[in-house]
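S.K.: Contents of structure-v1.pdb (PDB, C-alpha atoms) are below:
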MODEL        1
ATOM      1  CA  MET A 988       0.000   0.000   0.000
ATOM      2  CA  PRO A 989       1.608   3.286  -1.000
ATOM      3  CA  VAL A 990       1.961   5.940   1.655
ATOM      4  CA  THR A 991       0.063   9.126   0.916
ATOM      5  CA  ILE A 992       1.844  12.377   1.621
ATOM      6  CA  VAL A 993      -0.213  15.542   1.458
ATOM      7  CA  GLU A 994       1.445  18.925   1.546
ATOM      8  CA  TYR A 995      -0.386  22.200   2.019
ATOM      9  CA  GLY A 996       1.823  24.841   0.463
ATOM     10  CA  ASP A 997       2.245  28.363  -0.794
ATOM     11  CA  TYR A 998       4.386  29.112  -3.876
ATOM     12  CA  GLN A 999       5.705  32.349  -2.396
ATOM     13  CA  CYS A1000       6.712  30.844   0.907
ATOM     14  CA  PRO A1001      10.495  30.369   1.270
ATOM     15  CA  ALA A1002      10.031  27.393   3.591
ATOM     16  CA  CYS A1003       7.896  25.684   0.936
ATOM     17  CA  GLN A1004      10.575  26.288  -1.654
ATOM     18  CA  ARG A1005      13.066  24.522   0.573
ATOM     19  CA  ALA A1006      10.562  21.747   1.234
ATOM     20  CA  TYR A1007       9.999  21.311  -2.520
ATOM     21  CA  VAL A1008      13.628  20.252  -2.994
ATOM     22  CA  GLU A1009      13.391  17.756  -0.146
ATOM     23  CA  VAL A1010      10.076  16.355  -1.352
ATOM     24  CA  GLU A1011      11.477  15.867  -4.855
ATOM     25  CA  LYS A1012      14.352  13.838  -3.384
ATOM     26  CA  LEU A1013      11.889  11.852  -1.319
ATOM     27  CA  LEU A1014       9.575  11.038  -4.209
ATOM     28  CA  THR A1015      12.482   9.997  -6.382
ATOM     29  CA  ALA A1016      13.801   7.721  -3.652
ATOM     30  CA  GLU A1017      10.443   6.209  -2.728
ATOM     31  CA  GLY A1018       9.116   5.658  -6.219
ATOM     32  CA  PRO A1019       5.852   3.700  -6.169
ATOM     33  CA  ASN A1020       5.894   3.499  -2.341
ATOM     34  CA  ALA A1021       4.700   7.069  -2.018
ATOM     35  CA  ARG A1022       1.828   9.072  -3.437
ATOM     36  CA  PHE A1023       2.106  12.829  -3.233
ATOM     37  CA  VAL A1024      -0.746  15.310  -3.157
ATOM     38  CA  PHE A1025      -0.254  19.059  -3.119
ATOM     39  CA  ARG A1026      -2.986  21.329  -1.866
ATOM     40  CA  HIS A1027      -3.017  25.099  -1.994
ATOM     41  CA  PHE A1028      -2.648  27.148   1.160
ATOM     42  CA  PRO A1029      -1.749  30.625  -0.093
ATOM     43  CA  LEU A1030      -1.026  33.011   2.766
ATOM     44  CA  MET A1031      -2.324  36.043   0.964
ATOM     45  CA  THR A1032      -1.785  38.487   3.809
ATOM     46  CA  THR A1033       1.997  38.118   3.637
ATOM     47  CA  HIS A1034       2.469  36.687   0.135
ATOM     48  CA  PRO A1035       0.799  38.906  -2.470
ATOM     49  CA  ARG A1036       1.694  36.633  -5.407
ATOM     50  CA  ALA A1037       0.734  33.371  -3.773
ATOM     51  CA  MET A1038      -2.795  33.274  -5.195
ATOM     52  CA  ALA A1039      -1.639  34.188  -8.699
ATOM     53  CA  ALA A1040       0.858  31.347  -8.559
ATOM     54  CA  ALA A1041      -1.765  28.903  -7.297
ATOM     55  CA  LEU A1042      -4.088  29.960 -10.121
ATOM     56  CA  ALA A1043      -1.279  29.376 -12.624
ATOM     57  CA  ALA A1044      -0.722  25.870 -11.290
ATOM     58  CA  GLU A1045      -4.426  25.064 -11.462
ATOM     59  CA  ALA A1046      -4.774  26.505 -14.962
ATOM     60  CA  ALA A1047      -1.743  24.533 -16.131
ATOM     61  CA  GLY A1048      -3.368  21.494 -14.555
ATOM     62  CA  ARG A1049      -6.354  21.964 -16.828
ATOM     63  CA  GLN A1050      -3.950  21.349 -19.685
ATOM     64  CA  GLY A1051      -2.413  18.364 -17.987
ATOM     65  CA  LYS A1052       0.714  20.146 -16.768
ATOM     66  CA  PHE A1053       0.057  20.858 -13.079
ATOM     67  CA  TRP A1054       3.283  19.257 -11.804
ATOM     68  CA  GLN A1055       5.416  20.886 -14.450
ATOM     69  CA  MET A1056       4.064  24.321 -13.543
ATOM     70  CA  HIS A1057       4.330  23.462  -9.830
ATOM     71  CA  ALA A1058       8.032  22.736 -10.373
ATOM     72  CA  LYS A1059       8.611  25.938 -12.310
ATOM     73  CA  LEU A1060       6.896  28.011  -9.658
ATOM     74  CA  PHE A1061       8.973  26.584  -6.812
ATOM     75  CA  GLU A1062      12.195  26.589  -8.789
ATOM     76  CA  SER A1063      11.684  30.206  -9.758
ATOM     77  CA  HIS A1064      12.687  31.485  -6.311
ATOM     78  CA  GLU A1065       9.709  33.743  -6.071
ATOM     79  CA  GLN A1066       9.757  35.177  -9.580
ATOM     80  CA  LEU A1067       5.990  35.062  -9.637
ATOM     81  CA  ASP A1068       4.981  38.258 -11.394
ATOM     82  CA  ASP A1069       2.636  38.055 -14.381
ATOM     83  CA  GLN A1070       5.440  38.268 -16.910
ATOM     84  CA  HIS A1071       7.291  35.334 -15.436
ATOM     85  CA  ILE A1072       4.141  33.269 -15.099
ATOM     86  CA  GLN A1073       3.436  33.890 -18.799
ATOM     87  CA  GLN A1074       6.958  32.805 -19.549
ATOM     88  CA  TYR A1075       6.538  29.549 -17.617
ATOM     89  CA  ALA A1076       3.294  28.840 -19.439
ATOM     90  CA  ALA A1077       5.043  29.418 -22.756
ATOM     91  CA  GLU A1078       7.954  27.209 -21.717
ATOM     92  CA  LEU A1079       5.460  24.463 -20.983
ATOM     93  CA  ALA A1080       3.951  24.906 -24.453
ATOM     94  CA  LEU A1081       0.539  25.612 -22.984
ATOM     95  CA  ASP A1082      -2.238  27.070 -25.083
ATOM     96  CA  LEU A1083      -1.747  30.595 -23.760
ATOM     97  CA  ASP A1084      -5.232  31.817 -24.598
ATOM     98  CA  LYS A1085      -6.811  28.927 -22.748
ATOM     99  CA  PHE A1086      -4.362  29.445 -19.903
ATOM    100  CA  ALA A1087      -5.413  33.096 -19.576
ATOM    101  CA  ARG A1088      -9.119  32.201 -19.795
ATOM    102  CA  ASP A1089      -8.797  29.442 -17.223
ATOM    103  CA  ILE A1090      -7.039  31.689 -14.719
ATOM    104  CA  GLN A1091     -10.007  34.057 -14.907
ATOM    105  CA  SER A1092     -12.589  31.331 -14.987
ATOM    106  CA  GLU A1093     -15.377  31.200 -12.503
ATOM    107  CA  GLY A1094     -14.738  28.756  -9.728
ATOM    108  CA  ILE A1095     -11.009  28.351 -10.053
ATOM    109  CA  GLU A1096     -10.203  30.803  -7.287
ATOM    110  CA  ALA A1097     -13.063  29.460  -5.200
ATOM    111  CA  HIS A1098     -11.595  25.988  -5.588
ATOM    112  CA  ILE A1099      -8.257  27.188  -4.215
ATOM    113  CA  ARG A1100      -9.937  29.004  -1.324
ATOM    114  CA  GLN A1101     -11.941  25.899  -0.538
ATOM    115  CA  GLN A1102      -8.781  23.809  -0.358
ATOM    116  CA  ARG A1103      -7.277  26.409   1.916
ATOM    117  CA  LEU A1104     -10.256  26.463   4.246
ATOM    118  CA  ALA A1105     -10.475  22.681   4.291
ATOM    119  CA  GLY A1106      -6.809  22.629   5.205
ATOM    120  CA  ALA A1107      -7.330  25.111   8.020
ATOM    121  CA  ARG A1108     -10.192  23.027   9.335
ATOM    122  CA  SER A1109      -8.048  19.930   9.410
ATOM    123  CA  GLY A1110      -5.311  21.640  11.414
ATOM    124  CA  VAL A1111      -3.079  23.336   8.871
ATOM    125  CA  ASN A1112      -1.529  26.278  10.731
ATOM    126  CA  GLY A1113       1.198  27.469   8.393
ATOM    127  CA  THR A1114       3.176  26.394   5.383
ATOM    128  CA  PRO A1115       4.358  23.888   4.564
ATOM    129  CA  THR A1116       2.177  21.493   6.525
ATOM    130  CA  PHE A1117       2.424  17.791   5.801
ATOM    131  CA  PHE A1118       0.055  14.928   6.443
ATOM    132  CA  ILE A1119       1.262  11.348   6.141
ATOM    133  CA  ASN A1120      -1.486   8.801   5.706
ATOM    134  CA  GLY A1121      -3.939  11.327   7.064
ATOM    135  CA  TYR A1122      -2.066  12.319  10.206
ATOM    136  CA  ARG A1123      -0.433  15.688  10.511
ATOM    137  CA  TYR A1124       3.339  15.357  10.462
ATOM    138  CA  ASP A1125       5.058  17.916  12.686
ATOM    139  CA  GLY A1126       8.704  16.967  12.173
ATOM    140  CA  ASP A1127      11.360  18.598  10.018
ATOM    141  CA  PHE A1128      10.801  18.632   6.302
ATOM    142  CA  THR A1129      14.316  17.564   5.401
ATOM    143  CA  TYR A1130      14.583  14.571   3.110
ATOM    144  CA  GLU A1131      15.996  12.497   5.976
ATOM    145  CA  ALA A1132      13.213  13.287   8.413
ATOM    146  CA  LEU A1133      10.438  12.835   5.848
ATOM    147  CA  SER A1134      11.983   9.611   4.652
ATOM    148  CA  ALA A1135      12.087   8.236   8.189
ATOM    149  CA  ALA A1136       8.441   9.182   8.704
ATOM    150  CA  VAL A1137       7.462   7.491   5.448
ATOM    151  CA  GLN A1138       9.342   4.356   6.479
ATOM    152  CA  THR A1139       7.496   4.303   9.766
ATOM    153  CA  ALA A1140       4.202   4.629   7.912
ATOM    154  CA  ILE A1141       5.152   1.855   5.493
ATOM    155  CA  ASN A1142       5.925  -0.398   8.442
ATOM    156  CA  GLY A1143       2.457   0.394   9.733
ATOM    157  CA  GLY A1144       3.995   1.915  12.834
ATOM    158  CA  PRO A1145       2.869   4.902  14.941
ATOM    159  CA  ARG A1146       2.410   8.111  12.969
TER     160      ARG A1146
ATOM    161  CA  MET B1079      -9.523  49.131  27.204
ATOM    162  CA  GLU B1080     -12.151  46.868  28.643
ATOM    163  CA  LEU B1081     -13.419  43.612  27.265
ATOM    164  CA  SER B1082     -16.862  45.211  27.328
ATOM    165  CA  ASP B1083     -15.618  47.627  24.648
ATOM    166  CA  PHE B1084     -15.570  44.687  22.271
ATOM    167  CA  LEU B1085     -18.818  43.033  23.201
ATOM    168  CA  GLU B1086     -21.487  43.391  20.578
ATOM    169  CA  GLU B1087     -24.878  41.828  20.270
ATOM    170  CA  GLY B1088     -24.780  38.497  18.559
ATOM    171  CA  LYS B1089     -21.007  38.483  18.326
ATOM    172  CA  TYR B1090     -18.456  36.272  19.969
ATOM    173  CA  VAL B1091     -15.025  37.627  20.820
ATOM    174  CA  VAL B1092     -11.999  35.447  20.277
ATOM    175  CA  LEU B1093      -9.315  36.642  22.657
ATOM    176  CA  ALA B1094      -5.896  35.404  21.671
ATOM    177  CA  PHE B1095      -3.002  35.842  24.060
ATOM    178  CA  TYR B1096       0.157  35.367  22.025
ATOM    179  CA  PRO B1097       3.844  35.725  22.794
ATOM    180  CA  ALA B1098       6.053  37.345  20.162
ATOM    181  CA  ALA B1099       7.711  34.422  18.425
ATOM    182  CA  TRP B1100       9.319  33.465  15.167
ATOM    183  CA  SER B1101       8.619  30.326  13.249
ATOM    184  CA  PRO B1102      10.642  28.460  10.629
ATOM    185  CA  THR B1103       7.481  27.941   8.629
ATOM    186  CA  CYS B1104       5.363  30.681   7.165
ATOM    187  CA  GLY B1105       2.270  31.805   8.977
ATOM    188  CA  ASP B1106       2.345  32.761  12.608
ATOM    189  CA  GLU B1107      -0.832  32.652  14.648
ATOM    190  CA  MET B1108      -1.962  36.259  14.119
ATOM    191  CA  THR B1109      -1.259  36.070  10.379
ATOM    192  CA  LEU B1110      -3.289  32.894  10.170
ATOM    193  CA  PHE B1111      -6.206  34.582  11.917
ATOM    194  CA  GLN B1112      -5.919  37.469   9.465
ATOM    195  CA  GLU B1113      -6.000  35.026   6.536
ATOM    196  CA  PHE B1114      -9.286  33.582   7.746
ATOM    197  CA  LEU B1115     -10.973  36.772   8.899
ATOM    198  CA  ASP B1116     -13.827  36.094   6.449
ATOM    199  CA  GLU B1117     -14.560  32.768   8.014
ATOM    200  CA  PHE B1118     -14.475  34.233  11.527
ATOM    201  CA  GLU B1119     -16.914  36.895  10.382
ATOM    202  CA  ARG B1120     -19.139  34.240   8.895
ATOM    203  CA  LEU B1121     -19.075  32.577  12.317
ATOM    204  CA  ASN B1122     -20.020  35.871  14.026
ATOM    205  CA  ALA B1123     -16.685  36.248  15.748
ATOM    206  CA  LYS B1124     -14.414  39.231  16.260
ATOM    207  CA  LEU B1125     -10.718  38.746  16.873
ATOM    208  CA  VAL B1126      -8.624  40.494  19.483
ATOM    209  CA  GLY B1127      -4.954  39.679  19.969
ATOM    210  CA  ILE B1128      -3.194  40.509  23.229
ATOM    211  CA  SER B1129       0.476  40.405  23.961
ATOM    212  CA  VAL B1130       2.603  41.617  26.821
ATOM    213  CA  ASP B1131       5.029  43.220  24.368
ATOM    214  CA  ASN B1132       5.352  46.973  24.297
ATOM    215  CA  VAL B1133       3.230  49.113  21.978
ATOM    216  CA  TRP B1134       5.896  50.246  19.519
ATOM    217  CA  GLY B1135       7.048  46.747  18.674
ATOM    218  CA  VAL B1136       3.530  45.443  18.189
ATOM    219  CA  GLN B1137       2.383  48.335  16.026
ATOM    220  CA  ALA B1138       5.273  48.024  13.608
ATOM    221  CA  TRP B1139       4.887  44.273  13.546
ATOM    222  CA  ALA B1140       1.137  44.521  12.893
ATOM    223  CA  GLU B1141       1.602  46.957  10.006
ATOM    224  CA  ASN B1142       4.336  44.842   8.508
ATOM    225  CA  LYS B1143       2.197  41.734   8.691
ATOM    226  CA  GLY B1144      -1.011  43.404   7.502
ATOM    227  CA  ILE B1145      -3.013  42.637  10.632
ATOM    228  CA  THR B1146      -6.266  44.590  10.650
ATOM    229  CA  PHE B1147      -7.946  43.291  13.807
ATOM    230  CA  PRO B1148      -7.067  44.876  17.159
ATOM    231  CA  LEU B1149      -3.796  43.896  18.777
ATOM    232  CA  LEU B1150      -3.774  45.029  22.379
ATOM    233  CA  CYS B1151      -0.766  45.496  24.563
ATOM    234  CA  ASP B1152      -0.994  44.138  28.065
ATOM    235  CA  PHE B1153       1.861  46.285  29.179
ATOM    236  CA  HIS B1154       0.875  48.866  31.755
ATOM    237  CA  PRO B1155       1.284  47.207  34.177
ATOM    238  CA  LYS B1156       2.740  44.286  32.332
ATOM    239  CA  GLY B1157       0.601  41.210  32.279
ATOM    240  CA  THR B1158      -2.436  42.531  34.139
ATOM    241  CA  MET B1159      -4.936  41.088  31.667
ATOM    242  CA  ALA B1160      -3.005  37.871  31.390
ATOM    243  CA  GLU B1161      -3.045  37.529  35.196
ATOM    244  CA  LEU B1162      -6.761  38.151  35.222
ATOM    245  CA  TYR B1163      -7.317  35.361  32.763
ATOM    246  CA  GLY B1164      -4.912  33.102  34.588
ATOM    247  CA  VAL B1165      -2.438  32.825  31.738
ATOM    248  CA  MET B1166       0.597  34.809  32.891
ATOM    249  CA  ARG B1167       3.798  32.784  33.071
ATOM    250  CA  ASP B1168       6.767  33.231  35.422
ATOM    251  CA  ASP B1169       9.098  34.130  32.589
ATOM    252  CA  GLY B1170       7.371  37.394  31.731
ATOM    253  CA  VAL B1171       5.258  36.353  28.753
ATOM    254  CA  SER B1172       1.724  35.127  28.628
ATOM    255  CA  GLU B1173       0.763  31.593  27.757
ATOM    256  CA  ARG B1174      -0.387  31.144  24.200
ATOM    257  CA  ALA B1175      -4.034  31.029  25.195
ATOM    258  CA  LEU B1176      -7.317  31.290  23.351
ATOM    259  CA  PHE B1177     -10.632  32.297  24.867
ATOM    260  CA  ILE B1178     -14.026  32.618  23.261
ATOM    261  CA  VAL B1179     -16.269  35.104  25.015
ATOM    262  CA  ASP B1180     -19.959  35.026  24.198
ATOM    263  CA  PRO B1181     -22.096  38.144  23.524
ATOM    264  CA  GLU B1182     -22.928  38.318  27.247
ATOM    265  CA  GLY B1183     -19.259  38.457  28.218
ATOM    266  CA  ILE B1184     -19.046  34.884  29.521
ATOM    267  CA  ILE B1185     -16.035  32.772  28.637
ATOM    268  CA  GLN B1186     -17.389  29.757  26.810
ATOM    269  CA  TYR B1187     -14.179  28.198  25.543
ATOM    270  CA  SER B1188     -10.522  28.243  26.436
ATOM    271  CA  TYR B1189      -7.437  26.502  25.169
ATOM    272  CA  VAL B1190      -3.763  26.834  26.039
ATOM    273  CA  SER B1191      -1.321  25.844  23.342
ATOM    274  CA  PRO B1192       2.287  24.800  23.948
ATOM    275  CA  ILE B1193       4.107  28.123  23.919
ATOM    276  CA  ALA B1194       5.979  27.485  20.664
ATOM    277  CA  GLU B1195       3.039  26.048  18.778
ATOM    278  CA  ASN B1196       0.643  27.985  16.584
ATOM    279  CA  PRO B1197      -2.741  26.561  17.626
ATOM    280  CA  GLY B1198      -4.288  27.097  14.204
ATOM    281  CA  VAL B1199      -7.905  27.962  13.584
ATOM    282  CA  ASP B1200      -9.670  24.611  13.501
ATOM    283  CA  ARG B1201     -10.425  24.462  17.230
ATOM    284  CA  LEU B1202     -11.852  27.963  17.131
ATOM    285  CA  PHE B1203     -14.056  27.274  14.100
ATOM    286  CA  GLU B1204     -15.372  24.086  15.706
ATOM    287  CA  ALA B1205     -16.009  25.782  19.049
ATOM    288  CA  LEU B1206     -17.767  28.740  17.454
ATOM    289  CA  GLU B1207     -19.997  26.420  15.471
ATOM    290  CA  ARG B1208     -20.757  24.296  18.475
ATOM    291  CA  LEU B1209     -21.633  27.316  20.616
ATOM    292  CA  GLN B1210     -23.996  28.680  18.027
ATOM    293  CA  LYS B1211     -25.620  25.375  17.236
ATOM    294  CA  ASP B1212     -26.766  25.170  20.838
ATOM    295  CA  GLU B1213     -28.471  28.506  20.622
TER     296      GLU B1213
ENDMDL
END
Take the structure from the file and write it as C-alpha cells.
M.R.:
Amino acid sequence: MPVTIVEYGDYQCPACQRAYVEVEKLLTAEGPNARFVFRHFPLMTTHPRAMAAALAAEAAGRQGKFWQMHAKLFESHEQLDDQHIQQYAAELALDLDKFARDIQSEGIEAHIRQQRLAGARSGVNGTPTFFINGYRYDGDFTYEALSAAVQTAINGGPR
Amino acid sequence: MELSDFLEEGKYVVLAFYPAAWSPTCGDEMTLFQEFLDEFERLNAKLVGISVDNVWGVQAWAENKGITFPLLCDFHPKGTMAELYGVMRDDGVSERALFIVDPEGIIQYSYVSPIAENPGVDRLFEALERLQKDE
C-alpha cells in the first residue's frame, strides 16, 4: 500500500521552496511506495503573489501540466509576477489563450480558497504542513526526516 | 480598554493571548487569523490579539504583517490582563491562550497551546460552530 503524503503549500513561501527540494528527493527515492498530493494554502496576507501562482498551477493542470508548472513556480525562487508566469506557461507549451481564460474562470479561485479552508479546518496552521497517511506530520521537512516518517508509515507503525 | 468595549450583540469575541515568536514555517498565529478573517466573520466572531510586548514593537509588527484586527498590549502594568485570565507565566510572557467570550461576556471556551506552537484555527471554528448550534 503506497503511503500518501499531502502537503499544504504556498508558492511564495520560502520554507515551501526549501521543502519542494526535499520532497522531490523523497519522491524519487520512494518511487511507487509514495503518493504525493499538493494542496493550496496561499497566505495572501503576507504573500501577495501566492494566489496568482496557485491559479497558474491550477490553470496549467487543466492542460495536464500541473506538476510541471508546480516545479517551475517553486524553482523560480519567487519570480511570480505576471510576466514570469506567462513565460513559464510558454515554456510548458501551454495554449496561452486557454491558460489566460482558465485563470479568470469562474470557480477556479473558489476551488483554491476551498482547499485552503479545508486545510485550516483539518489543522493546517502554516506552510508547509504535511500529512502522512492522514495524520499531521510535525517533524522537520528535510529529506531524511520525511523519509524516516514514510518508512514508519510503510511499516504500519505509529504516525 | 475593557473587554466590554468589544462586546457586541450576537457576536463572539476570540481573545488570543500570544507571545512574540518566530517560526521556521510561514504563517504565525496572528497572520493565520488574518488570513481567515472572512470565516471568523461568517461565524459571528471578532478577533482580538493581546500580547505583553510593548506598543511600539507590536504596532510596527502589525503593520508589517497586515493585521487589521485589534492587537492590544498588556503592558501597563505588564501582564495585568493575562493575570486576570490566569495565563501569565513566570518568565514574563503570557501563555499562548485562546478564549471565546460570548455576547454576554461569559467565557465559553478556552485553550492553552504549547508556547511554541501555533494553535491554528480549527479548534476555534469548531467551538464557534458548536456554541452557536446550541443557541
S.K.: With a distance cut-off of 9 Å and only C-alpha atoms, select the neighbouring residues of Gln1102 (chain A), excluding the residue or stretch itself and same-chain residues fewer than 6 positions from it, and output the selection as a VMD selection string.
M.R.: chain A and resid 995 1026 to 1028
S.K.: Counting all atoms listed in the file, figure out which residue out of A:Ala1041, A:Glu1017, A:Thr1032, A:Ala1002 gets nearest to Phe1053 (chain A).
M.R.: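 The shortest atom-to-atom distance to Phe1053 (chain A) comes from A:Ala1041.
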S.K.: Would you list the contacts of Pro1181 (chain B) as JSON, numbers by chain, taking every protein, DNA or RNA residue within 8 Å and counting only C-alpha atoms, but skipping same-chain residues closer than 3 positions in sequence?
M.R.: {"B": [1085, 1086, 1087, 1088, 1089, 1090, 1091, 1184]}
S.K.: Which of these residues is nearest to chain B, using all atoms listed in the file: A:Gln1050, A:Thr1015, A:Ser1092, A:Thr1114?
M.R.: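 Counting all atoms listed in the file, the residue closest to chain B is A:Thr1114.
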S.K.: Return as a list in words the residues belonging to chain A that are within 7 Å of chain B, counting all atoms listed in the file.
M.R.: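 Listing them in order of chain and number gives Cys1000, Ala1002, Leu1030, Met1031, Thr1032, Thr1033, Ala1107, Arg1108, Ser1109, Gly1110, Val1111, Asn1112, Gly1113, Thr1114 and Pro1115 of chain A.
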S.K.: In Å, with one decimal, what is the gap from CA of Glu1207 (chain B) to CA of Met1108 (chain B)?
M.R.: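 If I compute the distance from CA of Glu1207 (chain B) to CA of Met1108 (chain B), I get 20.6 Å.
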S.K.: Using all atoms listed in the file, which protein or nucleic acid residues come within 9 Å of Pro1097 (chain B)? Drop anything in the same chain fewer than 6 positions from it, and give the result as a PDB file with C-alpha atoms, keeping the file's coordinate frame.
M.R.:
ATOM      1  CA  ILE B1128      -3.194  40.509  23.229  1.00  0.00           C
ATOM      2  CA  SER B1129       0.476  40.405  23.961  1.00  0.00           C
ATOM      3  CA  VAL B1130       2.603  41.617  26.821  1.00  0.00           C
ATOM      4  CA  ASP B1131       5.029  43.220  24.368  1.00  0.00           C
ATOM      5  CA  VAL B1171       5.258  36.353  28.753  1.00  0.00           C
ATOM      6  CA  SER B1172       1.724  35.127  28.628  1.00  0.00           C
ATOM      7  CA  GLU B1173       0.763  31.593  27.757  1.00  0.00           C
ATOM      8  CA  ARG B1174      -0.387  31.144  24.200  1.00  0.00           C
ATOM      9  CA  ILE B1193       4.107  28.123  23.919  1.00  0.00           C
ATOM     10  CA  ALA B1194       5.979  27.485  20.664  1.00  0.00           C
TER      11      ALA B1194
END
S.K.: Could you work out how far CA of Gly1135 (chain B) lies from CA of Glu1119 (chain B), giving the answer in Å with one decimal?
M.R.: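 If I compute the distance from CA of Glu1119 (chain B) to CA of Gly1135 (chain B), I get 27.2 Å.
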S.K.: Written as a ChimeraX atom specification, what is the full residue list that the PyMOL selection byres ((chain B and resi 1126) around 6) yields on the file shown?
M.R.: /B:1093,1125,1127,1148-1149
S.K.: Could you state the separation of CA of Glu1065 (chain A) and CA of Gln999 (chain A) in Å, given to one decimal place?
M.R.: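 For CA of Glu1065 (chain A) relative to CA of Gln999 (chain A), the distance reads 5.6 Å.
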S.K.: Pick the closest to Asp1125 (chain A) from A:Glu1093, A:Glu1062, A:Glu994, A:Asp1082: which is it, counting all atoms listed in the file?
M.R.: A:Glu994
S.K.: Give me the residues near Gly1121 (chain A) as a ChimeraX atom specification, where near means some atom within 10 Å (using only C-alpha atoms) and where sequence neighbours in that chain fewer than 5 positions away do not count.
M.R.: /A:990-993,1109,1146
S.K.: For a quick check of understanding, using all atoms listed in the file, which of B:Tyr1189, B:Phe1147, B:Phe1095, B:Trp1139 has the smallest distance to Phe1118 (chain B)?
M.R.: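 Among the listed residues, the smallest separation from Phe1118 (chain B) belongs to B:Phe1147.
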S.K.: Could you pull the residues within 9 Å of Leu1081 (chain A), counting all atoms listed in the file, minus those fewer than 5 positions along the same chain, as a PDB file with C-alpha atoms, in the frame of the given file?
M.R.:
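This is the output file out.pdb:
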ATOM      1  CA  ALA A1047      -1.743  24.533 -16.131  1.00  0.00           C
ATOM      2  CA  GLN A1050      -3.950  21.349 -19.685  1.00  0.00           C
ATOM      3  CA  LYS A1052       0.714  20.146 -16.768  1.00  0.00           C
ATOM      4  CA  TYR A1075       6.538  29.549 -17.617  1.00  0.00           C
ATOM      5  CA  ALA A1076       3.294  28.840 -19.439  1.00  0.00           C
ATOM      6  CA  PHE A1086      -4.362  29.445 -19.903  1.00  0.00           C
TER       7      PHE A1086
END
S.K.: Check what the PyMOL selection byres ((chain A and resi 1019) around 12) selects in the file above and give those residues as a list in words.
M.R.: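 Applied to this file, the PyMOL selection byres ((chain A and resi 1019) around 12) returns Met988, Pro989, Val990, Thr991, Leu1013, Leu1014, Thr1015, Ala1016, Glu1017, Gly1018, Asn1020, Ala1021, Arg1022, Phe1023 and Ile1141 of chain A.
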S.K.: Kindly provide, as a list in words, the polymer residues lying within 10 Å of (2.6, 43.6, 30.4), counting all atoms listed in the file and using the coordinates exactly as they appear in the file.
M.R.: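 With a cut-off of 10 Å, the residues come to Ile1128, Ser1129, Val1130, Asp1131, Asn1132, Cys1151, Asp1152, Phe1153, His1154, Pro1155, Lys1156, Gly1157, Thr1158, Met1159, Ala1160, Glu1161, Met1166, Gly1170, Val1171 and Ser1172 of chain B.
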S.K.: Please determine, counting all atoms listed in the file, which residue among B:Val1190, B:Leu1081, B:Leu1206, B:Leu1176 has the shortest atom-to-atom distance to Ala1094 (chain B).
M.R.: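 For Ala1094 (chain B), the nearest of the given residues is B:Leu1176.
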S.K.: Could you complete region 1093-1105 of chain A so that it carries N, CA and C atoms, and give it back as a PDB file, in the coordinates of the input?
M.R.:
ATOM      1  N   GLU A1093     -14.570  31.231 -13.725  1.00  0.00           N
ATOM      2  CA  GLU A1093     -15.377  31.200 -12.503  1.00  0.00           C
ATOM      3  C   GLU A1093     -15.093  29.892 -11.779  1.00  0.00           C
ATOM      4  N   GLY A1094     -14.898  29.979 -10.523  1.00  0.00           N
ATOM      5  CA  GLY A1094     -14.738  28.756  -9.728  1.00  0.00           C
ATOM      6  C   GLY A1094     -13.301  28.361  -9.448  1.00  0.00           C
ATOM      7  N   ILE A1095     -12.375  28.828 -10.271  1.00  0.00           N
ATOM      8  CA  ILE A1095     -11.009  28.351 -10.053  1.00  0.00           C
ATOM      9  C   ILE A1095     -10.414  28.939  -8.776  1.00  0.00           C
ATOM     10  N   GLU A1096     -10.703  30.216  -8.539  1.00  0.00           N
ATOM     11  CA  GLU A1096     -10.203  30.803  -7.287  1.00  0.00           C
ATOM     12  C   GLU A1096     -10.968  30.239  -6.091  1.00  0.00           C
ATOM     13  N   ALA A1097     -12.253  30.030  -6.289  1.00  0.00           N
ATOM     14  CA  ALA A1097     -13.063  29.460  -5.200  1.00  0.00           C
ATOM     15  C   ALA A1097     -12.549  28.077  -4.817  1.00  0.00           C
ATOM     16  N   HIS A1098     -12.137  27.328  -5.827  1.00  0.00           N
ATOM     17  CA  HIS A1098     -11.595  25.988  -5.588  1.00  0.00           C
ATOM     18  C   HIS A1098     -10.353  26.059  -4.696  1.00  0.00           C
ATOM     19  N   ILE A1099      -9.483  27.020  -5.008  1.00  0.00           N
ATOM     20  CA  ILE A1099      -8.257  27.188  -4.215  1.00  0.00           C
ATOM     21  C   ILE A1099      -8.596  27.613  -2.785  1.00  0.00           C
ATOM     22  N   ARG A1100      -9.530  28.544  -2.663  1.00  0.00           N
ATOM     23  CA  ARG A1100      -9.937  29.004  -1.324  1.00  0.00           C
ATOM     24  C   ARG A1100     -10.577  27.876  -0.522  1.00  0.00           C
ATOM     25  N   GLN A1101     -11.296  27.034  -1.205  1.00  0.00           N
ATOM     26  CA  GLN A1101     -11.941  25.899  -0.538  1.00  0.00           C
ATOM     27  C   GLN A1101     -10.894  24.939   0.007  1.00  0.00           C
ATOM     28  N   GLN A1102      -9.866  24.684  -0.800  1.00  0.00           N
ATOM     29  CA  GLN A1102      -8.781  23.809  -0.358  1.00  0.00           C
ATOM     30  C   GLN A1102      -8.125  24.401   0.880  1.00  0.00           C
ATOM     31  N   ARG A1103      -7.931  25.684   0.826  1.00  0.00           N
ATOM     32  CA  ARG A1103      -7.277  26.409   1.916  1.00  0.00           C
ATOM     33  C   ARG A1103      -8.101  26.308   3.207  1.00  0.00           C
ATOM     34  N   LEU A1104      -9.383  26.519   3.074  1.00  0.00           N
ATOM     35  CA  LEU A1104     -10.256  26.463   4.246  1.00  0.00           C
ATOM     36  C   LEU A1104     -10.335  25.033   4.787  1.00  0.00           C
ATOM     37  N   ALA A1105     -10.435  24.085   3.871  1.00  0.00           N
ATOM     38  CA  ALA A1105     -10.475  22.681   4.291  1.00  0.00           C
ATOM     39  C   ALA A1105      -9.190  22.332   5.035  1.00  0.00           C
TER      40      ALA A1105
END
